[in-house]
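Everything below concerns the one structure shown next.
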Amino acid sequence: MSINIRTHAVDFLFDAIFSLENREECYSFFEDICTVNEILSLSQRFEVAAMLRTKKTYLEIAEKTGASTATISRVNRSLNYGNDGYDLVLSRIPELPVDSSDDDDIQDDGLDK
């Protein structure tokens with residue numbers, strides 16, 4: 001049985017996300033609404049998707065992101081049989097930074113408006 005996520009509550013959440021104007025607002029909102037582990041899990045899945053789309057191997061992805069092969073496989077299944085959400089977003093944003101694992105080296109990429 002599939003759970004329907006298309007509800008008024010989810011629409012309200014997405015409208016809230018649409019209202020965010022820059023990265024700092026995203027950090028503030030997501031730190032309030034999610035646990036640190038939830039945010040890190042979401043970002044890890046997204047990084048895995050980007051790496052899979054650039055033809056990285058499971059071993060390379062696991063070493064770089066710390067994701068389990070089960071997580072990598074689940075993301076790969078979504079890429080191949082899901083709703084094309086990962087590909088939609090990946091096509092709209094700049095490429096994955098070369099070394100995104102080192103948070104101290106994050107540069108201003110001009111995405112904050």
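Chain labels run A, B, ... following the order of the structure tokens; each chain numbers its residues from 1, and ligands are numbered from 1 in the order shown.
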Exercise: Ala67 (chain A) partners within 12 Å, only C-alpha atoms, chain neighbours under 5 positions left out, as a ChimeraX atom specification: /A:40-49,51,58-62,72-75
Would you output that residue set with N, CA, C and O atoms, as a compact mmCIF listing (two decimals), in the first residue's frame?
# COMPACT_ATOMS: atom_id res chain seq x y z
N LEU A 40 21.22 16.03 7.39
CA LEU A 40 22.41 15.38 6.85
C LEU A 40 22.04 14.17 6.00
O LEU A 40 22.68 13.92 4.96
N SER A 41 21.02 13.43 6.38
CA SER A 41 20.57 12.29 5.58
C SER A 41 20.03 12.73 4.23
O SER A 41 20.33 12.12 3.20
N LEU A 42 19.24 13.79 4.22
CA LEU A 42 18.71 14.32 2.96
C LEU A 42 19.84 14.80 2.06
O LEU A 42 19.86 14.51 0.86
N SER A 43 20.78 15.54 2.65
CA SER A 43 21.88 16.06 1.83
C SER A 43 22.76 14.92 1.32
O SER A 43 23.26 14.97 0.19
N GLN A 44 22.93 13.87 2.14
CA GLN A 44 23.72 12.72 1.70
C GLN A 44 23.05 12.04 0.51
O GLN A 44 23.70 11.71 -0.49
N ARG A 45 21.74 11.83 0.57
CA ARG A 45 21.02 11.20 -0.54
C ARG A 45 21.15 12.03 -1.81
O ARG A 45 21.32 11.48 -2.90
N PHE A 46 21.06 13.34 -1.66
CA PHE A 46 21.16 14.20 -2.83
C PHE A 46 22.56 14.15 -3.43
O PHE A 46 22.73 14.09 -4.65
N GLU A 47 23.58 14.13 -2.57
CA GLU A 47 24.96 14.01 -3.06
C GLU A 47 25.17 12.67 -3.74
O GLU A 47 25.82 12.58 -4.79
N VAL A 48 24.60 11.61 -3.18
CA VAL A 48 24.68 10.28 -3.79
C VAL A 48 24.04 10.31 -5.18
O VAL A 48 24.61 9.79 -6.14
N ALA A 49 22.88 10.93 -5.31
CA ALA A 49 22.20 11.00 -6.61
C ALA A 49 23.08 11.73 -7.63
O ALA A 49 23.22 11.27 -8.78
N MET A 51 26.30 12.02 -7.62
CA MET A 51 27.46 11.19 -7.94
C MET A 51 27.09 10.02 -8.84
O MET A 51 27.83 9.65 -9.75
N TYR A 58 29.64 2.61 -6.75
CA TYR A 58 29.13 2.52 -5.39
C TYR A 58 30.28 2.68 -4.39
O TYR A 58 30.12 3.35 -3.37
N LEU A 59 31.42 2.07 -4.68
CA LEU A 59 32.56 2.16 -3.77
C LEU A 59 33.05 3.60 -3.64
O LEU A 59 33.27 4.09 -2.52
N GLU A 60 33.17 4.31 -4.75
CA GLU A 60 33.59 5.72 -4.71
C GLU A 60 32.60 6.56 -3.91
O GLU A 60 32.99 7.40 -3.10
N ILE A 61 31.32 6.30 -4.14
CA ILE A 61 30.27 7.07 -3.46
C ILE A 61 30.29 6.77 -1.96
O ILE A 61 30.23 7.69 -1.13
N ALA A 62 30.40 5.51 -1.61
CA ALA A 62 30.42 5.13 -0.19
C ALA A 62 31.62 5.75 0.52
O ALA A 62 31.49 6.26 1.63
N ILE A 72 22.75 3.88 -1.16
CA ILE A 72 23.11 4.16 -2.55
C ILE A 72 22.17 3.42 -3.49
O ILE A 72 21.69 3.99 -4.48
N SER A 73 21.87 2.17 -3.18
CA SER A 73 20.97 1.37 -4.00
C SER A 73 19.56 1.97 -4.02
O SER A 73 18.90 2.02 -5.07
N ARG A 74 19.10 2.44 -2.87
CA ARG A 74 17.77 3.05 -2.78
C ARG A 74 17.69 4.32 -3.62
O ARG A 74 16.72 4.54 -4.35
N VAL A 75 18.74 5.14 -3.56
CA VAL A 75 18.78 6.36 -4.38
C VAL A 75 18.84 5.99 -5.86
O VAL A 75 18.14 6.58 -6.69
List every residue of chain A that DSSP, applied to the backbone of this structure, places in alpha helix (DSSP H), and write the result as a PyMOL selection string. chain A and resi 8-18+23-33+36-53+58-65+69-81+85-90
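Residues lying within 10 Å of Ile39 (chain A), counting only C-alpha atoms and ignoring same-chain neighbours fewer than 6 positions away, are Tyr27, Phe30, Glu31 and Ile33 of chain A.
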Would you work out the distance separating CA of Thr69 (chain A) from CA of Leu52 (chain A), expressed in Å to one decimal? 12.2 Å
Skip Ala16 (chain A) itself and residues of its chain fewer than 3 positions away, then list as a list in words all residues within 12 Å of it, counting only C-alpha atoms. Ala9, Val10, Asp11, Phe12, Leu13, Ser19, Leu20, Glu21, Glu25, Cys26, Phe29, Phe30 and Ile33 of chain A
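With only C-alpha atoms as the basis for measurement, A:Arg53 is the residue among A:Asp15, A:Val36, A:Arg53, A:Thr7 that approaches Glu95 (chain A) most closely.
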When you draw a straight line from CA of Leu90 (chain A) to CA of Glu38 (chain A), how long is it in Å?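 Atom-to-atom, CA of Leu90 (chain A) and CA of Glu38 (chain A) are spaced 20.4 Å apart.
For the pair CA of Ala50 (chain A) and CA of Asp87 (chain A), the separation is 8.7 Å.
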